[in-house]
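Enquirer: Structure in structure tokens, see below.
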Amino acid sequence: MTMWNGSGGVHFSGDEEDSNGSLARCVLSKRGSKALKPFSPYIQAVNEAKAHQWTPKNTDGYFLMATAESVLSFDLIHDKIRSCREVPATVGLYGDFRGGNRLRNAIAKMMERTFMGVEVNTSNICISSGVTAVLDLFFFATCDAGDGCLIPAPYFPAFDNDMAIRNGVEPIPVQPADTQTYIPTATEMEAAAVAAEIKGAKPRVLLVTNPGNPLGTLYPESTLKELLVWAVNRGLHVLCDEIYANSKFGTSANEFISMEKVASIAVAENLLSQKSVAERVHTAYGMSKDFGMSGFRVGCLHTRNKDMQKFWQNMGMFAAVSNDTQHALSIMLEDEEFVDFYVAENNRRLKKSYELFTSLLTAEKVNYMPACAAMFCWLDLRTLLPEPTFEAEDRLWKEIRDECRVILTPGKACHYAEPGFFRACYASMPPEHLKVATQRLAAFAERKRRKRKADSLAVSD
Ligand SMILES: Cc1ncc(COP(=O)(O)O)c(C=O)c1O
């Protein structure tokens with residue numbers, strides 16, 4: 001195999017020291033100037049490498065494995081959405097800022113049929129331009145600046161931005177003691193909540209992502225119930241981000257179960273009241289991941305909280321989805337036969353890419369955590385670090401970027417406490433490209449291992 005020599009490439013501006021000079025000259029407000037930079041240096045690298053991606057004709061380009069996007073099934077969506085693009089005159093006018101009734105109805109039915117496992121009422125759906133906007137509005141509605149949100153770590157890096165950049169909400173990562181499964185417990189949550197209170201950040205929300213980003217795994221029903229009952233009894237809102245709920249392709253000890261379904265079981269078992277669940281349990285879903293439609297910017301919150309629904313009626317105007325997109329999407333989602341075919345086919349393609357990726361890693365003895373859902377694999381590259389520090393993790397991330405031209409998400413950005421882990425998205429490129437990227441990664445790992453062995457032999461000589 002040809003060895004990649006790593007010459008040339010993009011000049012990454014994030015590699016330089018922060019220029020305080022430009023901040024001092026900034027004429028924006030304090031909060032405006034805080035938002036000038038992407039929330040993490042790896043995002044900057046992704047943005048800069050985007051214009052220079054690897055293709056068979058641009059072989060010194062980059063493989064973007066750090067964006068949570070799937071390109072695997074857009075051919076199916078593309079054909080379908082084109083056939084749904086009528087433009088009735090009504091789409092040219094303002095609509096309902098909680099989302100038009102037709103799309104709310106189509107999304108409610110799709111969620112009910114494909115993954116929620118409970119009745120989903122149209123009136124409980126609030127639509128916005130992507131789950132990012134949903135989270136921003138949700139944190140605005142539930143928290144004041146300085147309040148906290150507990151999140152089991154590792155977690156999706158952009159959550160920090162979603163809660164902090166406009167709303168000033170403090171993310172509180174909670175590290176799992178169980179480093180094999182990463183499954184959190186209510187006891188760990190309580191300890192983190194108490195510690196946050198002592199520091200002055202009052203926890204208001206527990207944010208859980210299932211299926212998980214960055215792990216691509218599922219929480220057991222018992223864990224979801226334990227966390228839910230603990231959080232609601234503590235007076236927290238529970239937000240379950242189920243944006244990957246229709247991306248499940250592998251075998252796992254755990255079946256997917258929605259938080260709403262878990263809540264209905266908790267009510268039936270008299271662990272929680274119907275009223276507290278209606279007020280405090282919320283689910284986020286969107287079209288960006290399972291349907292590969294991140295550019296369409298459509299997400300929603302399922303909530304039975306009437307105040308939240310009223311809030312959305314007003315605030316939804318800041319992040320509404322265009323009526324044109326709503327109309328086409330409604331037609332697409334109303335076609336149940338298409339949705340069922342699409343979800344099954346997309347999962348088949350995800351499985352194929354996951355298996356391609358992990359079989360090449362296994363062959364070269366690169367460690368990873370087995371996944372069964374979403375579009376990620378959590379790589380364990382601790383053996384490639386010269387020392388267990390985040391500085392070493394950062395250097396390794398840059399080496400992989402510059403030598404392999406592969407951009408991963410560092411574990412530090414996912415708030416994982418131990419250095420040496422990386423998230424890889426294997427769905428962000430076609431399988432033919434993925435094969436080249438993975439071969440480079442595997443060859444890099446092998447080279448590093450050989451060098452470390454040679455170095456340690458030289459020391460002991
Ligand atoms: C867990 C999770 N939530 C929310 C989002 C944001 O999605 P959207 O494109 O709908 O804003 C992402 C995107 O990566 C995600 O992984």
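Here's how to read the names in the structure tokens: chain A, B, ... by the order shown, residue numbers from 1 in each chain, ligand numbers from 1 in the order shown.
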Enumerate as a ChimeraX atom specification the residues within 9 Å of ligand 1, counting only C-alpha atoms and all ligand atoms.

Expert: /A:67-69,128-135,155-159,162,208-214,241-244,284-289,293-300,374

Enquirer: Run DSSP on the backbone and grab whatever in segment 106-348 of chain A lands in helix (DSSP H, G or I); send it over as a CSV table (one decimal) with N, CA and C atoms, in the first residue's frame.

Expert:
```
chain,number,residue,atom,x,y,z
A,106,ALA,N,-47.7,15.2,10.1
A,106,ALA,CA,-46.9,14.2,9.4
A,106,ALA,C,-45.7,13.7,10.3
A,107,ILE,N,-45.1,14.6,11.0
A,107,ILE,CA,-44.0,14.3,11.8
A,107,ILE,C,-44.5,13.4,13.0
A,108,ALA,N,-45.6,13.9,13.6
A,108,ALA,CA,-46.2,13.1,14.8
A,108,ALA,C,-46.4,11.7,14.4
A,109,LYS,N,-47.1,11.5,13.2
A,109,LYS,CA,-47.4,10.1,12.8
A,109,LYS,C,-46.2,9.3,12.5
A,110,MET,N,-45.2,10.0,11.9
A,110,MET,CA,-43.9,9.2,11.6
A,110,MET,C,-43.2,8.8,12.9
A,111,MET,N,-43.2,9.7,13.8
A,111,MET,CA,-42.5,9.4,15.1
A,111,MET,C,-43.2,8.3,15.9
A,112,GLU,N,-44.6,8.4,15.9
A,112,GLU,CA,-45.4,7.4,16.5
A,112,GLU,C,-45.2,6.0,15.9
A,113,ARG,N,-45.2,6.0,14.6
A,113,ARG,CA,-45.1,4.7,13.9
A,113,ARG,C,-43.7,4.1,13.9
A,114,THR,N,-42.7,5.0,13.8
A,114,THR,CA,-41.3,4.4,13.6
A,114,THR,C,-40.5,4.2,14.9
A,115,PHE,N,-40.7,5.0,15.9
A,115,PHE,CA,-39.9,4.8,17.1
A,115,PHE,C,-40.4,5.1,18.5
A,116,MET,N,-41.4,6.0,18.6
A,116,MET,CA,-41.8,6.5,19.9
A,116,MET,C,-42.5,5.4,20.8
A,122,THR,N,-50.4,15.5,17.5
A,122,THR,CA,-49.9,16.7,16.7
A,122,THR,C,-49.7,17.9,17.5
A,123,SER,N,-50.7,18.1,18.5
A,123,SER,CA,-50.6,19.4,19.2
A,123,SER,C,-49.3,19.4,20.1
A,124,ASN,N,-48.7,18.3,20.3
A,124,ASN,CA,-47.5,18.3,21.2
A,124,ASN,C,-46.2,18.4,20.4
A,131,VAL,N,-32.5,20.6,15.2
A,131,VAL,CA,-32.5,20.3,16.6
A,131,VAL,C,-31.6,21.4,17.3
A,132,THR,N,-30.6,21.9,16.6
A,132,THR,CA,-29.8,23.0,17.2
A,132,THR,C,-30.7,24.1,17.7
A,133,ALA,N,-31.6,24.5,16.8
A,133,ALA,CA,-32.6,25.6,17.2
A,133,ALA,C,-33.5,25.2,18.3
A,134,VAL,N,-33.9,23.9,18.2
A,134,VAL,CA,-34.8,23.3,19.2
A,134,VAL,C,-34.2,23.4,20.6
A,135,LEU,N,-32.9,23.0,20.6
A,135,LEU,CA,-32.2,23.1,21.9
A,135,LEU,C,-32.0,24.5,22.4
A,136,ASP,N,-31.7,25.4,21.5
A,136,ASP,CA,-31.5,26.8,21.9
A,136,ASP,C,-32.8,27.4,22.5
A,137,LEU,N,-33.9,27.1,21.8
A,137,LEU,CA,-35.2,27.6,22.4
A,137,LEU,C,-35.6,26.9,23.7
A,138,PHE,N,-35.3,25.6,23.7
A,138,PHE,CA,-35.6,24.8,24.9
A,138,PHE,C,-34.8,25.3,26.1
A,139,PHE,N,-33.6,25.6,25.9
A,139,PHE,CA,-32.8,26.1,27.1
A,139,PHE,C,-33.2,27.6,27.5
A,140,PHE,N,-33.6,28.3,26.5
A,140,PHE,CA,-34.1,29.7,26.7
A,140,PHE,C,-35.4,29.5,27.6
A,141,ALA,N,-36.2,28.6,27.3
A,141,ALA,CA,-37.5,28.4,28.0
A,141,ALA,C,-37.3,27.8,29.4
A,142,THR,N,-36.3,27.0,29.6
A,142,THR,CA,-36.3,26.3,30.9
A,142,THR,C,-35.2,26.8,31.9
A,159,PHE,N,-23.3,20.5,21.9
A,159,PHE,CA,-24.3,20.8,23.0
A,159,PHE,C,-23.8,22.0,23.8
A,160,ASP,N,-22.5,22.2,24.0
A,160,ASP,CA,-21.9,23.3,24.7
A,160,ASP,C,-22.4,24.6,24.1
A,161,ASN,N,-22.3,24.7,22.8
A,161,ASN,CA,-22.7,25.9,22.1
A,161,ASN,C,-24.2,26.1,22.2
A,162,ASP,N,-24.9,25.0,22.0
A,162,ASP,CA,-26.4,25.0,22.0
A,162,ASP,C,-27.0,25.6,23.3
A,163,MET,N,-26.3,25.3,24.4
A,163,MET,CA,-26.9,25.8,25.7
A,163,MET,C,-26.2,27.1,26.2
A,164,ALA,N,-24.9,27.2,25.8
A,164,ALA,CA,-24.2,28.3,26.4
A,164,ALA,C,-24.1,29.6,25.6
A,186,ALA,N,-27.9,7.2,38.5
A,186,ALA,CA,-28.6,8.3,39.2
A,186,ALA,C,-27.7,8.8,40.3
A,187,THR,N,-27.0,7.9,40.9
A,187,THR,CA,-26.1,8.3,42.0
A,187,THR,C,-25.0,9.2,41.5
A,188,GLU,N,-24.4,8.9,40.3
A,188,GLU,CA,-23.4,9.8,39.7
A,188,GLU,C,-24.0,11.2,39.4
A,189,MET,N,-25.3,11.1,38.9
A,189,MET,CA,-25.9,12.4,38.5
A,189,MET,C,-26.1,13.2,39.8
A,190,GLU,N,-26.6,12.6,40.8
A,190,GLU,CA,-26.9,13.3,42.1
A,190,GLU,C,-25.6,14.0,42.6
A,191,ALA,N,-24.5,13.2,42.6
A,191,ALA,CA,-23.2,13.7,43.0
A,191,ALA,C,-22.8,15.0,42.2
A,192,ALA,N,-23.0,14.8,40.9
A,192,ALA,CA,-22.6,16.0,40.0
A,192,ALA,C,-23.5,17.2,40.2
A,193,ALA,N,-24.8,16.9,40.5
A,193,ALA,CA,-25.8,18.0,40.7
A,193,ALA,C,-25.4,18.7,42.0
A,194,VAL,N,-25.0,18.0,43.0
A,194,VAL,CA,-24.6,18.6,44.3
A,194,VAL,C,-23.4,19.5,44.1
A,195,ALA,N,-22.4,18.9,43.4
A,195,ALA,CA,-21.1,19.6,43.2
A,195,ALA,C,-21.4,20.9,42.4
A,196,ALA,N,-22.3,20.8,41.4
A,196,ALA,CA,-22.6,22.0,40.6
A,196,ALA,C,-23.3,23.1,41.4
A,197,GLU,N,-24.2,22.6,42.3
A,197,GLU,CA,-24.9,23.6,43.2
A,197,GLU,C,-23.9,24.3,44.1
A,198,ILE,N,-22.9,23.6,44.6
A,198,ILE,CA,-21.9,24.2,45.4
A,198,ILE,C,-21.1,25.3,44.7
A,199,LYS,N,-20.9,25.0,43.4
A,199,LYS,CA,-20.2,26.0,42.5
A,199,LYS,C,-21.1,27.1,42.1
A,221,GLU,N,-33.2,0.1,29.1
A,221,GLU,CA,-34.5,0.7,29.6
A,221,GLU,C,-34.3,1.0,31.1
A,222,SER,N,-33.7,0.1,31.8
A,222,SER,CA,-33.6,0.3,33.3
A,222,SER,C,-32.8,1.6,33.6
A,223,THR,N,-31.8,1.9,32.8
A,223,THR,CA,-31.0,3.1,33.0
A,223,THR,C,-31.8,4.3,32.8
A,224,LEU,N,-32.6,4.3,31.6
A,224,LEU,CA,-33.4,5.5,31.3
A,224,LEU,C,-34.4,5.7,32.4
A,225,LYS,N,-35.0,4.6,32.9
A,225,LYS,CA,-36.0,4.8,33.9
A,225,LYS,C,-35.4,5.3,35.2
A,226,GLU,N,-34.2,4.8,35.6
A,226,GLU,CA,-33.6,5.3,36.8
A,226,GLU,C,-33.2,6.8,36.7
A,227,LEU,N,-32.7,7.2,35.6
A,227,LEU,CA,-32.3,8.6,35.4
A,227,LEU,C,-33.6,9.5,35.4
A,228,LEU,N,-34.6,9.0,34.6
A,228,LEU,CA,-35.8,9.8,34.5
A,228,LEU,C,-36.5,10.0,35.9
A,229,VAL,N,-36.7,8.9,36.6
A,229,VAL,CA,-37.4,9.0,37.9
A,229,VAL,C,-36.5,10.0,38.9
A,230,TRP,N,-35.2,9.7,38.9
A,230,TRP,CA,-34.4,10.6,39.7
A,230,TRP,C,-34.5,12.1,39.3
A,231,ALA,N,-34.4,12.3,38.0
A,231,ALA,CA,-34.4,13.7,37.6
A,231,ALA,C,-35.8,14.4,37.8
A,232,VAL,N,-36.9,13.7,37.5
A,232,VAL,CA,-38.2,14.4,37.6
A,232,VAL,C,-38.5,14.6,39.1
A,233,ASN,N,-38.1,13.6,40.0
A,233,ASN,CA,-38.3,13.8,41.4
A,233,ASN,C,-37.4,14.9,42.0
A,259,MET,N,-37.8,7.7,25.5
A,259,MET,CA,-38.0,8.2,26.8
A,259,MET,C,-39.5,8.4,27.2
A,260,GLU,N,-40.3,8.8,26.2
A,260,GLU,CA,-41.7,8.9,26.4
A,260,GLU,C,-42.3,7.5,26.8
A,261,LYS,N,-41.9,6.5,26.1
A,261,LYS,CA,-42.4,5.1,26.5
A,261,LYS,C,-41.9,4.8,27.9
A,262,VAL,N,-40.7,5.1,28.2
A,262,VAL,CA,-40.2,4.8,29.6
A,262,VAL,C,-41.0,5.6,30.6
A,263,ALA,N,-41.3,6.8,30.2
A,263,ALA,CA,-42.1,7.7,31.2
A,263,ALA,C,-43.5,7.0,31.4
A,264,SER,N,-44.1,6.5,30.3
A,264,SER,CA,-45.4,5.9,30.4
A,264,SER,C,-45.4,4.7,31.3
A,265,ILE,N,-44.3,4.0,31.2
A,265,ILE,CA,-44.1,2.8,32.1
A,265,ILE,C,-43.9,3.2,33.6
A,266,ALA,N,-43.1,4.3,33.8
A,266,ALA,CA,-42.9,4.8,35.1
A,266,ALA,C,-44.2,5.3,35.7
A,267,VAL,N,-45.1,5.9,34.9
A,267,VAL,CA,-46.4,6.4,35.4
A,267,VAL,C,-47.3,5.1,35.8
A,268,ALA,N,-47.3,4.1,34.9
A,268,ALA,CA,-48.1,2.9,35.2
A,268,ALA,C,-47.6,2.2,36.4
A,274,GLN,N,-48.6,11.4,36.2
A,274,GLN,CA,-48.9,11.8,34.8
A,274,GLN,C,-48.5,13.3,34.7
A,275,LYS,N,-48.9,14.1,35.7
A,275,LYS,CA,-48.7,15.6,35.6
A,275,LYS,C,-47.2,15.9,35.5
A,276,SER,N,-46.4,15.3,36.4
A,276,SER,CA,-45.0,15.7,36.4
A,276,SER,C,-44.3,15.3,35.1
A,277,VAL,N,-44.8,14.2,34.5
A,277,VAL,CA,-44.2,13.7,33.2
A,277,VAL,C,-44.6,14.7,32.1
A,278,ALA,N,-45.9,15.1,32.1
A,278,ALA,CA,-46.3,16.0,31.1
A,278,ALA,C,-45.6,17.4,31.2
A,279,GLU,N,-45.3,17.8,32.4
A,279,GLU,CA,-44.6,19.1,32.5
A,279,GLU,C,-43.1,19.0,32.2
A,280,ARG,N,-42.5,17.9,32.5
A,280,ARG,CA,-41.0,17.9,32.5
A,280,ARG,C,-40.3,17.0,31.6
A,294,SER,N,-29.6,17.2,6.7
A,294,SER,CA,-29.1,18.3,7.6
A,294,SER,C,-29.2,19.7,6.9
A,295,GLY,N,-29.1,19.7,5.6
A,295,GLY,CA,-29.2,21.0,4.9
A,295,GLY,C,-30.7,21.6,4.9
A,296,PHE,N,-31.7,20.8,5.2
A,296,PHE,CA,-33.0,21.2,5.1
A,296,PHE,C,-33.4,22.0,6.4
A,306,LYS,N,-47.8,22.6,28.2
A,306,LYS,CA,-48.7,23.6,27.5
A,306,LYS,C,-48.0,25.0,27.5
A,307,ASP,N,-47.2,25.3,28.5
A,307,ASP,CA,-46.5,26.6,28.5
A,307,ASP,C,-45.4,26.6,27.5
A,308,MET,N,-44.7,25.4,27.4
A,308,MET,CA,-43.7,25.3,26.3
A,308,MET,C,-44.3,25.5,25.0
A,309,GLN,N,-45.5,24.9,24.8
A,309,GLN,CA,-46.1,25.1,23.4
A,309,GLN,C,-46.5,26.5,23.1
A,310,LYS,N,-47.0,27.2,24.2
A,310,LYS,CA,-47.3,28.7,24.0
A,310,LYS,C,-46.1,29.5,23.7
A,311,PHE,N,-45.0,29.1,24.4
A,311,PHE,CA,-43.7,29.8,24.3
A,311,PHE,C,-43.3,29.7,22.8
A,312,TRP,N,-43.4,28.5,22.3
A,312,TRP,CA,-42.9,28.2,20.9
A,312,TRP,C,-43.7,29.0,19.9
A,313,GLN,N,-45.0,29.2,20.2
A,313,GLN,CA,-45.9,29.9,19.2
A,313,GLN,C,-45.3,31.3,19.0
A,314,ASN,N,-44.7,31.9,20.0
A,314,ASN,CA,-44.1,33.2,19.9
A,314,ASN,C,-42.7,33.1,19.5
A,315,MET,N,-41.9,32.4,20.2
A,315,MET,CA,-40.4,32.4,20.0
A,315,MET,C,-40.0,31.6,18.7
A,316,GLY,N,-40.9,30.7,18.3
A,316,GLY,CA,-40.6,29.9,17.1
A,316,GLY,C,-40.3,30.7,15.9
A,317,MET,N,-40.8,32.0,15.9
A,317,MET,CA,-40.6,32.8,14.7
A,317,MET,C,-39.1,33.1,14.4
A,318,PHE,N,-38.3,33.0,15.5
A,318,PHE,CA,-36.9,33.2,15.3
A,318,PHE,C,-36.1,32.1,14.6
A,319,ALA,N,-36.8,31.0,14.5
A,319,ALA,CA,-36.1,29.8,13.9
A,319,ALA,C,-37.1,28.9,13.1
A,323,ASN,N,-42.1,27.6,4.7
A,323,ASN,CA,-43.3,26.9,4.4
A,323,ASN,C,-43.1,26.0,3.1
A,324,ASP,N,-42.2,26.4,2.3
A,324,ASP,CA,-41.9,25.6,1.1
A,324,ASP,C,-41.3,24.3,1.5
A,325,THR,N,-40.3,24.3,2.3
A,325,THR,CA,-39.7,23.0,2.8
A,325,THR,C,-40.8,22.2,3.6
A,326,GLN,N,-41.5,22.9,4.5
A,326,GLN,CA,-42.5,22.2,5.3
A,326,GLN,C,-43.5,21.4,4.3
A,327,HIS,N,-43.9,22.1,3.2
A,327,HIS,CA,-44.9,21.5,2.4
A,327,HIS,C,-44.3,20.2,1.7
A,328,ALA,N,-43.1,20.3,1.2
A,328,ALA,CA,-42.5,19.2,0.5
A,328,ALA,C,-42.2,18.0,1.5
A,329,LEU,N,-41.8,18.4,2.7
A,329,LEU,CA,-41.5,17.4,3.7
A,329,LEU,C,-42.7,16.7,4.1
A,330,SER,N,-43.8,17.4,4.3
A,330,SER,CA,-45.1,16.8,4.7
A,330,SER,C,-45.5,15.7,3.7
A,331,ILE,N,-45.4,16.0,2.4
A,331,ILE,CA,-45.8,15.1,1.4
A,331,ILE,C,-44.9,13.8,1.5
A,332,MET,N,-43.6,14.1,1.7
A,332,MET,CA,-42.6,12.9,1.8
A,332,MET,C,-43.0,12.0,3.0
A,333,LEU,N,-43.2,12.7,4.1
A,333,LEU,CA,-43.4,11.9,5.3
A,333,LEU,C,-44.8,11.2,5.4
A,334,GLU,N,-45.8,11.8,4.6
A,334,GLU,CA,-47.1,11.1,4.6
A,334,GLU,C,-47.1,9.8,3.8
A,336,GLU,N,-46.1,6.6,3.8
A,336,GLU,CA,-45.5,5.7,4.8
A,336,GLU,C,-44.7,4.6,4.2
A,337,GLU,N,-45.2,4.2,3.0
A,337,GLU,CA,-44.4,3.1,2.3
A,337,GLU,C,-43.0,3.6,2.0
A,338,PHE,N,-42.9,4.8,1.5
A,338,PHE,CA,-41.5,5.4,1.3
A,338,PHE,C,-40.7,5.4,2.6
A,339,VAL,N,-41.3,5.9,3.6
A,339,VAL,CA,-40.6,6.1,4.9
A,339,VAL,C,-40.1,4.7,5.4
A,340,ASP,N,-40.9,3.7,5.3
A,340,ASP,CA,-40.5,2.4,5.8
A,340,ASP,C,-39.4,1.8,4.9
A,341,PHE,N,-39.5,2.0,3.6
A,341,PHE,CA,-38.5,1.5,2.7
A,341,PHE,C,-37.2,2.2,3.0
A,342,TYR,N,-37.3,3.6,3.1
A,342,TYR,CA,-36.1,4.4,3.3
A,342,TYR,C,-35.4,4.0,4.6
A,343,VAL,N,-36.1,3.9,5.7
A,343,VAL,CA,-35.5,3.6,7.0
A,343,VAL,C,-34.8,2.3,6.9
A,344,ALA,N,-35.4,1.3,6.4
A,344,ALA,CA,-34.8,-0.1,6.3
A,344,ALA,C,-33.5,0.0,5.4
A,345,GLU,N,-33.6,0.6,4.3
A,345,GLU,CA,-32.5,0.7,3.3
A,345,GLU,C,-31.3,1.5,3.9
A,346,ASN,N,-31.7,2.6,4.6
A,346,ASN,CA,-30.6,3.4,5.2
A,346,ASN,C,-29.9,2.6,6.3
A,347,ASN,N,-30.6,1.8,7.1
A,347,ASN,CA,-30.0,1.0,8.1
A,347,ASN,C,-29.1,-0.1,7.5
A,348,ARG,N,-29.5,-0.6,6.3
A,348,ARG,CA,-28.7,-1.6,5.7
A,348,ARG,C,-27.4,-0.9,5.2
```

Enquirer: Write out as a PyMOL selection string all residues of segment 124-325 of chain A that DSSP puts in strand (DSSP E) for this structure's backbone.

Expert: chain A and resi 125-128+148-152+170-174+203-209+237-241+281-286+299-303

Enquirer: Emit the selected residues as a PDB file, in the first residue's frame, including C-alpha atoms.

Expert:
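Below is the file part31.pdb, written as the result:
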```pdb
ATOM      1  CA  ILE A 125     -45.084  18.859  18.275  1.00  0.00           C
ATOM      2  CA  CYS A 126     -43.185  22.171  18.048  1.00  0.00           C
ATOM      3  CA  ILE A 127     -41.083  22.619  14.915  1.00  0.00           C
ATOM      4  CA  SER A 128     -37.898  24.646  14.385  1.00  0.00           C
ATOM      5  CA  GLY A 148     -26.785  24.118  34.696  1.00  0.00           C
ATOM      6  CA  CYS A 149     -27.561  21.148  32.473  1.00  0.00           C
ATOM      7  CA  LEU A 150     -26.320  17.674  33.449  1.00  0.00           C
ATOM      8  CA  ILE A 151     -25.094  15.561  30.546  1.00  0.00           C
ATOM      9  CA  PRO A 152     -23.632  12.049  30.673  1.00  0.00           C
ATOM     10  CA  GLU A 170     -23.568  25.829  32.084  1.00  0.00           C
ATOM     11  CA  PRO A 171     -22.952  22.327  30.664  1.00  0.00           C
ATOM     12  CA  ILE A 172     -22.180  19.862  33.482  1.00  0.00           C
ATOM     13  CA  PRO A 173     -20.507  16.756  32.033  1.00  0.00           C
ATOM     14  CA  VAL A 174     -20.964  13.686  34.223  1.00  0.00           C
ATOM     15  CA  PRO A 203     -29.070  22.165  37.576  1.00  0.00           C
ATOM     16  CA  ARG A 204     -32.371  22.592  35.729  1.00  0.00           C
ATOM     17  CA  VAL A 205     -32.113  19.983  32.976  1.00  0.00           C
ATOM     18  CA  LEU A 206     -30.871  16.457  32.431  1.00  0.00           C
ATOM     19  CA  LEU A 207     -29.951  15.983  28.758  1.00  0.00           C
ATOM     20  CA  VAL A 208     -29.719  12.398  27.528  1.00  0.00           C
ATOM     21  CA  THR A 209     -28.950  11.326  23.949  1.00  0.00           C
ATOM     22  CA  HIS A 237     -36.617  18.900  33.087  1.00  0.00           C
ATOM     23  CA  VAL A 238     -35.583  15.805  31.143  1.00  0.00           C
ATOM     24  CA  LEU A 239     -34.696  16.354  27.522  1.00  0.00           C
ATOM     25  CA  CYS A 240     -34.051  13.212  25.532  1.00  0.00           C
ATOM     26  CA  ASP A 241     -32.361  13.842  22.186  1.00  0.00           C
ATOM     27  CA  VAL A 281     -40.343  15.219  29.888  1.00  0.00           C
ATOM     28  CA  HIS A 282     -39.437  16.423  26.382  1.00  0.00           C
ATOM     29  CA  THR A 283     -38.027  14.727  23.282  1.00  0.00           C
ATOM     30  CA  ALA A 284     -36.005  16.271  20.461  1.00  0.00           C
ATOM     31  CA  TYR A 285     -36.093  14.775  16.987  1.00  0.00           C
ATOM     32  CA  GLY A 286     -35.017  16.013  13.563  1.00  0.00           C
ATOM     33  CA  GLY A 299     -36.216  19.563  13.867  1.00  0.00           C
ATOM     34  CA  CYS A 300     -38.906  19.359  16.499  1.00  0.00           C
ATOM     35  CA  LEU A 301     -39.625  19.122  20.186  1.00  0.00           C
ATOM     36  CA  HIS A 302     -42.249  16.702  21.436  1.00  0.00           C
ATOM     37  CA  THR A 303     -43.619  18.175  24.648  1.00  0.00           C
TER      38      THR A 303
END
```

Enquirer: Provide the atom CA of Pro370 of chain A to atom CA of Gln175 of chain A distance in Å, to one decimal place.

Expert: 19.4 Å

Enquirer: Kindly indicate which residue among A:Phe376, A:Phe291, A:Tyr368, A:Phe421 lies nearest to Lys80 of chain A, using only C-alpha atoms for the distances.

Expert: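 Of A:Phe376, A:Phe291, A:Tyr368, A:Phe421, the one nearest Lys80 of chain A, counting only C-alpha atoms, is A:Phe291.
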